[in-house]
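**Student:** One file is attached below, my_file.cif, containing mmCIF, C-alpha atoms.
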```cif
data_run
#
loop_
_atom_site.label_atom_id
_atom_site.label_comp_id
_atom_site.auth_asym_id
_atom_site.auth_seq_id
_atom_site.Cartn_x
_atom_site.Cartn_y
_atom_site.Cartn_z
CA ALA A 285 189.55 51.57 105.14
CA GLU A 286 193.36 51.66 105.21
CA ALA A 287 193.36 55.35 106.08
CA LYS A 288 190.81 54.80 108.85
CA ALA A 289 192.86 51.94 110.30
CA ALA A 290 196.03 54.06 110.25
CA TYR A 291 194.25 57.00 111.88
CA GLU A 292 192.71 54.86 114.63
CA ALA A 293 196.12 53.28 115.26
CA GLY A 294 197.55 56.72 115.98
CA ARG A 295 199.31 57.24 112.66
CA PRO A 296 197.60 60.38 111.25
CA SER A 297 200.48 61.19 108.88
CA GLU A 298 200.13 57.78 107.24
CA ALA A 299 196.35 58.25 107.00
CA ALA A 300 196.85 61.64 105.36
CA SER A 301 199.27 60.13 102.83
CA ILE A 302 196.77 57.42 101.90
CA LEU A 303 193.95 59.94 101.51
CA SER A 304 196.13 62.23 99.39
CA ALA A 305 196.86 59.36 97.00
CA LEU A 306 193.17 58.46 96.91
CA ALA A 307 192.24 62.03 96.00
CA ALA A 308 194.79 62.03 93.17
CA GLU A 309 193.33 58.81 91.76
CA GLU A 310 189.59 59.22 92.23
CA GLY A 311 188.93 62.94 92.61
CA VAL A 312 187.68 64.78 95.67
CA SER A 313 184.55 65.03 97.78
CA PRO A 314 183.56 66.87 100.97
CA GLY A 315 184.01 63.69 103.00
CA LEU A 316 187.46 63.00 101.60
CA HIS A 317 188.62 66.57 102.22
CA TYR A 318 187.22 66.36 105.76
CA ASP A 319 189.05 63.12 106.56
CA PHE A 320 192.22 64.47 104.95
CA GLY A 321 192.00 67.70 106.94
CA VAL A 322 191.40 65.95 110.27
CA SER A 323 194.34 63.60 109.64
CA LEU A 324 196.62 66.53 108.78
CA LEU A 325 195.47 68.42 111.86
CA ASP A 326 196.28 65.50 114.15
CA ALA A 327 199.66 65.23 112.40
CA GLY A 328 200.36 68.84 113.41
CA GLU A 329 200.10 70.36 109.92
CA CYS A 330 197.68 73.20 110.65
CA GLY A 331 198.07 75.08 107.36
CA PRO A 332 197.35 72.16 105.00
CA ALA A 333 194.62 70.95 107.40
CA ILE A 334 192.79 74.29 107.25
CA LEU A 335 193.13 74.32 103.46
CA SER A 336 191.58 70.86 103.14
CA LEU A 337 188.77 71.70 105.57
CA GLU A 338 188.10 74.98 103.73
CA ARG A 339 187.74 72.98 100.52
CA ALA A 340 185.36 70.58 102.25
CA HIS A 341 183.35 73.54 103.56
CA TRP A 342 183.18 75.09 100.08
CA LEU A 343 181.77 71.83 98.68
CA ALA A 344 179.37 71.24 101.59
CA PRO A 345 178.82 74.62 103.32
CA SER A 346 175.86 73.48 105.44
CA ASP A 347 177.70 70.50 106.98
CA ALA A 348 177.96 71.22 110.72
CA GLY A 349 180.70 68.63 111.27
CA ILE A 350 182.98 70.23 108.68
CA ALA A 351 182.34 73.70 110.09
CA ALA A 352 183.16 72.48 113.62
CA ALA A 353 186.40 70.82 112.49
CA LEU A 354 187.41 73.98 110.64
CA ALA A 355 186.79 76.06 113.76
CA VAL A 356 188.97 73.69 115.82
CA ALA A 357 191.73 73.83 113.20
CA ARG A 358 191.70 77.63 113.16
CA GLN A 359 191.82 77.68 116.96
CA ARG A 360 194.85 75.37 117.02
CA ALA A 361 196.59 77.60 114.48
CA GLY A 362 195.98 80.59 116.75
CA LEU A 363 193.63 82.28 114.29
CA PRO A 364 190.60 84.32 115.38
CA GLU A 365 187.13 82.83 115.13
CA ARG A 366 185.58 83.66 111.78
CA HIS A 367 182.09 85.19 111.82
CA ALA A 368 180.44 84.94 108.41
CA PRO A 369 178.10 87.79 107.43
CA ALA A 370 174.38 87.09 107.17
CA TRP A 371 174.35 87.00 103.35
CA GLU A 372 177.14 84.42 103.34
CA ARG A 373 175.28 82.23 105.83
CA ALA A 374 172.20 82.42 103.60
CA ARG A 375 174.27 81.48 100.56
CA ASP A 376 175.79 78.54 102.39
CA VAL A 377 172.41 76.91 102.91
CA LEU A 378 172.99 75.14 99.57
CA ALA A 379 176.11 73.65 98.02
CA PRO A 380 177.58 75.10 94.79
CA ASP A 381 176.24 72.31 92.58
CA THR A 382 172.78 72.66 94.14
CA TRP A 383 172.73 76.42 93.45
CA ALA A 384 173.76 75.70 89.87
CA THR A 385 170.93 73.16 89.50
CA VAL A 386 168.38 75.58 91.00
CA GLY A 387 169.55 78.33 88.66
CA GLY A 388 169.37 76.09 85.61
CA LEU A 389 165.87 74.84 86.38
CA ALA A 390 164.63 78.33 87.19
CA LEU A 391 166.04 79.65 83.93
CA VAL A 392 164.33 76.93 81.90
CA LEU A 393 160.97 77.44 83.65
CA GLY A 394 161.18 81.22 83.44
CA CYS A 395 162.02 81.14 79.74
CA ALA A 396 159.21 78.66 79.06
CA GLY A 397 156.69 80.88 80.86
CA GLY A 398 157.97 83.96 79.03
CA VAL A 399 157.63 82.26 75.66
CA VAL A 400 154.03 81.29 76.41
CA TRP A 401 153.17 84.89 77.33
CA MET A 402 154.84 86.29 74.23
CA LEU A 403 152.85 83.89 72.06
CA ASP A 404 149.57 85.05 73.68
CA PRO A 405 148.58 82.85 76.65
CA GLY A 406 144.93 83.01 75.69
CA ARG A 407 145.65 80.70 72.77
CA PHE A 408 147.01 78.00 75.08
CA VAL A 409 145.34 78.56 78.45
CA ARG A 410 141.65 79.41 78.54
CA THR A 411 141.14 79.54 82.34
CA ARG A 412 141.91 82.87 83.99
CA GLY A 413 143.08 81.21 87.23
CA VAL A 414 145.58 79.09 85.33
CA ARG A 415 146.86 82.16 83.51
CA ARG A 416 147.41 83.92 86.86
CA ALA A 417 149.26 80.87 88.16
CA LEU A 418 151.40 80.85 85.02
CA ARG A 419 152.23 84.54 85.48
CA ALA A 420 153.13 83.98 89.15
CA GLY A 421 155.22 80.92 88.32
CA THR A 422 157.16 82.86 85.72
CA ALA A 423 157.86 85.65 88.21
CA VAL A 424 158.96 83.18 90.92
CA SER A 425 161.23 81.34 88.47
CA SER A 426 162.82 84.61 87.41
CA GLY A 427 163.41 85.58 91.04
CA ALA A 428 164.87 82.15 91.87
CA PHE A 429 167.22 82.40 88.90
CA LEU A 430 168.42 85.82 90.04
CA VAL A 431 169.10 84.58 93.59
CA ALA A 432 170.87 81.46 92.32
CA ALA A 433 172.97 83.51 89.91
CA ILE A 434 174.08 85.85 92.71
CA ALA A 435 174.92 82.87 94.94
CA CYS A 436 176.91 81.15 92.18
CA ALA A 437 178.80 84.36 91.43
CA SER A 438 179.66 84.73 95.11
CA LEU A 439 180.85 81.12 95.33
CA ALA A 440 182.91 81.57 92.18
CA GLY A 441 184.60 84.50 93.90
CA GLU A 442 186.14 81.99 96.31
CA ALA A 443 188.45 81.03 93.43
CA SER A 444 190.54 84.07 94.35
CA ARG A 445 190.88 83.00 98.00
CA GLY A 446 193.81 80.98 99.26
CA ILE A 447 195.29 79.61 102.49
CA ALA A 448 198.87 79.94 103.70
CA VAL A 449 200.04 76.33 104.06
CA GLY A 450 203.54 76.98 105.40
CA SER A 451 204.26 77.50 109.09
CA GLU A 452 205.46 81.03 108.22
CA VAL A 453 205.11 82.50 104.73
CA THR A 454 207.19 85.57 103.86
CA LEU A 455 205.58 88.21 101.67
CA ARG A 456 208.11 90.09 99.52
CA MET A 457 208.12 93.35 97.62
CA ALA A 458 208.69 91.64 94.24
CA PRO A 459 208.18 88.15 92.75
CA PHE A 460 211.62 86.66 93.37
CA GLU A 461 213.39 85.11 96.36
CA GLY A 462 215.91 87.89 96.88
CA ALA A 463 213.31 90.65 97.11
CA GLU A 464 212.90 92.62 100.31
CA PRO A 465 210.47 91.01 102.78
CA ARG A 466 207.57 93.22 103.87
CA ALA A 467 205.25 90.96 105.94
CA THR A 468 204.63 87.40 107.05
CA LEU A 469 201.66 85.05 107.14
CA GLY A 470 200.98 82.41 109.76
CA ALA A 471 199.86 78.88 108.93
CA GLY A 472 196.22 78.74 107.86
CA GLU A 473 195.74 82.47 107.27
CA SER A 474 193.27 83.37 104.55
CA VAL A 475 194.38 85.62 101.68
CA ARG A 476 193.08 87.02 98.41
CA ILE A 477 195.13 86.05 95.36
CA GLU A 478 195.47 89.17 93.20
CA GLU A 479 198.10 88.37 90.58
CA ARG A 480 200.42 85.61 89.36
CA HIS A 481 203.94 85.89 88.04
CA GLY A 482 205.91 82.74 87.32
CA ALA A 483 206.24 80.72 90.51
CA PHE A 484 204.92 83.57 92.69
CA VAL A 485 201.52 84.98 93.56
CA ARG A 486 200.68 88.41 94.94
CA VAL A 487 198.30 88.12 97.86
CA ARG A 488 196.52 90.43 100.27
CA ALA A 489 195.71 89.51 103.87
CA ASP A 490 194.11 91.18 106.87
CA GLY A 491 195.81 94.16 108.39
CA ALA A 492 196.75 95.78 105.07
CA ARG A 493 199.41 93.14 104.52
CA TRP A 494 200.25 92.31 100.92
CA GLY A 495 203.19 90.99 98.94
CA TRP A 496 204.54 88.23 96.75
CA ALA A 497 204.76 84.65 98.04
CA PRO A 498 205.79 81.36 96.40
CA ALA A 499 202.74 79.80 94.75
CA SER A 500 203.58 76.54 96.53
CA ALA A 501 203.07 78.26 99.90
CA ILE A 502 199.51 79.39 99.07
CA GLY A 503 196.86 76.73 98.54
CA GLU A 504 193.80 77.66 96.50
CA ILE A 505 190.47 76.83 98.13
CA VAL A 506 188.97 76.24 94.69
CA PRO A 507 191.75 74.46 92.77
CA GLY A 508 192.13 75.53 89.16
#
```
Please lay out the structure from this file as structure tokens.
**Tutor:**
Amino acid sequence: AEAKAAYEAGRPSEAASILSALAAEEGVSPGLHYDFGVSLLDAGECGPAILSLERAHWLAPSDAGIAAALAVARQRAGLPERHAPAWERARDVLAPDTWATVGGLALVLGCAGGVVWMLDPGRFVRTRGVRRALRAGTAVSSGAFLVAAIACASLAGEASRGIAVGSEVTLRMAPFEGAEPRATLGAGESVRIEERHGAFVRVRADGARWGWAPASAIGEIVPG
């Protein structure tokens, strides 16, 4: 309520500060990351805003409001519109925890059906129609588990993705401040985190750009 009042009074930086403290105390949620991201965006902090909205999108990928806010944030940062491939859009129909639940239930049902068949279904189910339904159910459960496992693995891969939170992040040849610069990142650009060394991370961005950046300048979409 305090953050909302501050935001509506035209103090987005104060709202963002309140929401940041709330996240530290009570954990995070898609709604909290969304509010935090919108407040940061209105405060002119495009990089941190995109990071927070990317986190909200990861937690609730099918939320149209979050996706729209993320698109606006990327536009304000001067970044190109992101077009997700078809398989990613299909994956984003469900949230990570929902995919995990689907996979767990499918695994339990598939294993139960498999055990019944290994122990001779005729001993437990006398009706042929029921046996066919059991066979079909086992096959469907196995397929659902496979799809859920692929989706979860893909979502877990987001742990290697980060966002440049500084207005301009310098990528260097080696993991120390005095190393030769080789490229720069703009606020909100997406990168792949490839390696860590002390207070630096090696990242790779679009356009064959790669190099070492301070870990504090790259926010992880899936915090460790």
**Student:** Here is a test: counting only C-alpha atoms, which residue of A:Gly495, A:Gly421, A:Gly503, A:Gly472 is nearest to A:Thr454?
**Tutor:** A:Gly495
**Student:** Applying 9 Å and only C-alpha atoms, which residues near A:Ala435 remain after dropping the ones on its own chain fewer than 2 positions away? List them as a PyMOL selection string.
**Tutor:** chain A and resi 372+375-376+380+383-384+430-433+437-440
**Student:** Can you write out the residues you just picked, keeping C-alpha atoms, as a PDB file, in the frame of the given file?
**Tutor:**
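Output file again09.pdb is given in full below:
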```pdb
ATOM      1  CA  GLU A 372     177.140  84.420 103.340  1.00  0.00           C
ATOM      2  CA  ARG A 375     174.270  81.480 100.560  1.00  0.00           C
ATOM      3  CA  ASP A 376     175.790  78.540 102.390  1.00  0.00           C
ATOM      4  CA  PRO A 380     177.580  75.100  94.790  1.00  0.00           C
ATOM      5  CA  TRP A 383     172.730  76.420  93.450  1.00  0.00           C
ATOM      6  CA  ALA A 384     173.760  75.700  89.870  1.00  0.00           C
ATOM      7  CA  LEU A 430     168.420  85.820  90.040  1.00  0.00           C
ATOM      8  CA  VAL A 431     169.100  84.580  93.590  1.00  0.00           C
ATOM      9  CA  ALA A 432     170.870  81.460  92.320  1.00  0.00           C
ATOM     10  CA  ALA A 433     172.970  83.510  89.910  1.00  0.00           C
ATOM     11  CA  ALA A 437     178.800  84.360  91.430  1.00  0.00           C
ATOM     12  CA  SER A 438     179.660  84.730  95.110  1.00  0.00           C
ATOM     13  CA  LEU A 439     180.850  81.120  95.330  1.00  0.00           C
ATOM     14  CA  ALA A 440     182.910  81.570  92.180  1.00  0.00           C
TER      15      ALA A 440
END
```
**Student:** Kindly resolve the PyMOL selection byres ((chain A and resi 318-322) around 6) on the present coordinates and return the residues as a list of chain:residue names.
**Tutor:**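 Applying the expression gives A:Ala300, A:Leu303, A:Gly315, A:Leu316, A:His317, A:Ser323, A:Leu324, A:Leu325, A:Ala333, A:Ser336, A:Leu337, A:Ala340.
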**Student:** Name all residues at most 8 Å from A:Ser346 (count all atoms listed in the file; drop same-chain ones fewer than 2 positions away) and give them as a ChimeraX atom specification.
**Tutor:** /A:341,344,348,351,376-379
**Student:** Pick from A:Pro369, A:Pro314, A:Gly328, A:Gly294: nearest to A:Ala471, with only C-alpha atoms counted?
**Tutor:**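 That would be A:Gly328, the residue with the smallest distance to A:Ala471.
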**Student:** Mind dumping stretch 366-388 of chain A from that block, keeping N, CA and C atoms, as a compact mmCIF listing (two decimals), in the first residue's frame?
**Tutor:**
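So the final result, stored in decode_6.txt, reads:
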```
# COMPACT_ATOMS: atom_id res chain seq x y z
N ARG A 366 11.58 -8.44 -29.20
CA ARG A 366 12.00 -9.84 -29.13
C ARG A 366 10.87 -10.74 -29.63
N HIS A 367 11.19 -11.60 -30.59
CA HIS A 367 10.21 -12.55 -31.12
C HIS A 367 10.60 -13.96 -30.66
N ALA A 368 9.83 -14.50 -29.74
CA ALA A 368 10.13 -15.84 -29.21
C ALA A 368 9.80 -16.90 -30.25
N PRO A 369 10.63 -17.93 -30.37
CA PRO A 369 10.31 -19.02 -31.30
C PRO A 369 9.06 -19.78 -30.84
N ALA A 370 8.49 -20.56 -31.76
CA ALA A 370 7.24 -21.26 -31.48
C ALA A 370 7.35 -22.19 -30.29
N TRP A 371 8.49 -22.92 -30.18
CA TRP A 371 8.62 -23.88 -29.07
C TRP A 371 8.66 -23.15 -27.73
N GLU A 372 9.23 -21.94 -27.72
CA GLU A 372 9.30 -21.19 -26.47
C GLU A 372 7.91 -20.67 -26.08
N ARG A 373 7.14 -20.26 -27.08
CA ARG A 373 5.77 -19.81 -26.80
C ARG A 373 4.93 -20.97 -26.26
N ALA A 374 5.14 -22.16 -26.80
CA ALA A 374 4.42 -23.33 -26.29
C ALA A 374 4.84 -23.65 -24.86
N ARG A 375 6.12 -23.54 -24.58
CA ARG A 375 6.62 -23.79 -23.22
C ARG A 375 6.04 -22.79 -22.23
N ASP A 376 5.88 -21.55 -22.68
CA ASP A 376 5.45 -20.49 -21.78
C ASP A 376 3.95 -20.50 -21.50
N VAL A 377 3.25 -21.49 -22.01
CA VAL A 377 1.84 -21.62 -21.68
C VAL A 377 1.67 -21.88 -20.18
N LEU A 378 2.62 -22.59 -19.58
CA LEU A 378 2.57 -22.90 -18.15
C LEU A 378 3.78 -22.30 -17.44
N ALA A 379 3.60 -22.02 -16.17
CA ALA A 379 4.68 -21.48 -15.34
C ALA A 379 5.62 -22.62 -14.93
N PRO A 380 6.84 -22.29 -14.48
CA PRO A 380 7.80 -23.34 -14.09
C PRO A 380 7.26 -24.30 -13.03
N ASP A 381 6.60 -23.76 -11.99
CA ASP A 381 6.11 -24.65 -10.95
C ASP A 381 4.99 -25.55 -11.45
N THR A 382 4.20 -25.04 -12.42
CA THR A 382 3.12 -25.86 -12.98
C THR A 382 3.70 -27.00 -13.82
N TRP A 383 4.74 -26.70 -14.62
CA TRP A 383 5.39 -27.76 -15.39
C TRP A 383 5.97 -28.81 -14.46
N ALA A 384 6.57 -28.37 -13.36
CA ALA A 384 7.14 -29.32 -12.40
C ALA A 384 6.05 -30.21 -11.79
N THR A 385 4.89 -29.61 -11.48
CA THR A 385 3.77 -30.39 -10.93
C THR A 385 3.25 -31.39 -11.95
N VAL A 386 3.09 -30.94 -13.20
CA VAL A 386 2.62 -31.84 -14.26
C VAL A 386 3.59 -33.00 -14.44
N GLY A 387 4.88 -32.69 -14.45
CA GLY A 387 5.88 -33.75 -14.62
C GLY A 387 5.86 -34.74 -13.46
N GLY A 388 5.72 -34.24 -12.25
CA GLY A 388 5.68 -35.13 -11.09
C GLY A 388 4.48 -36.06 -11.10
```
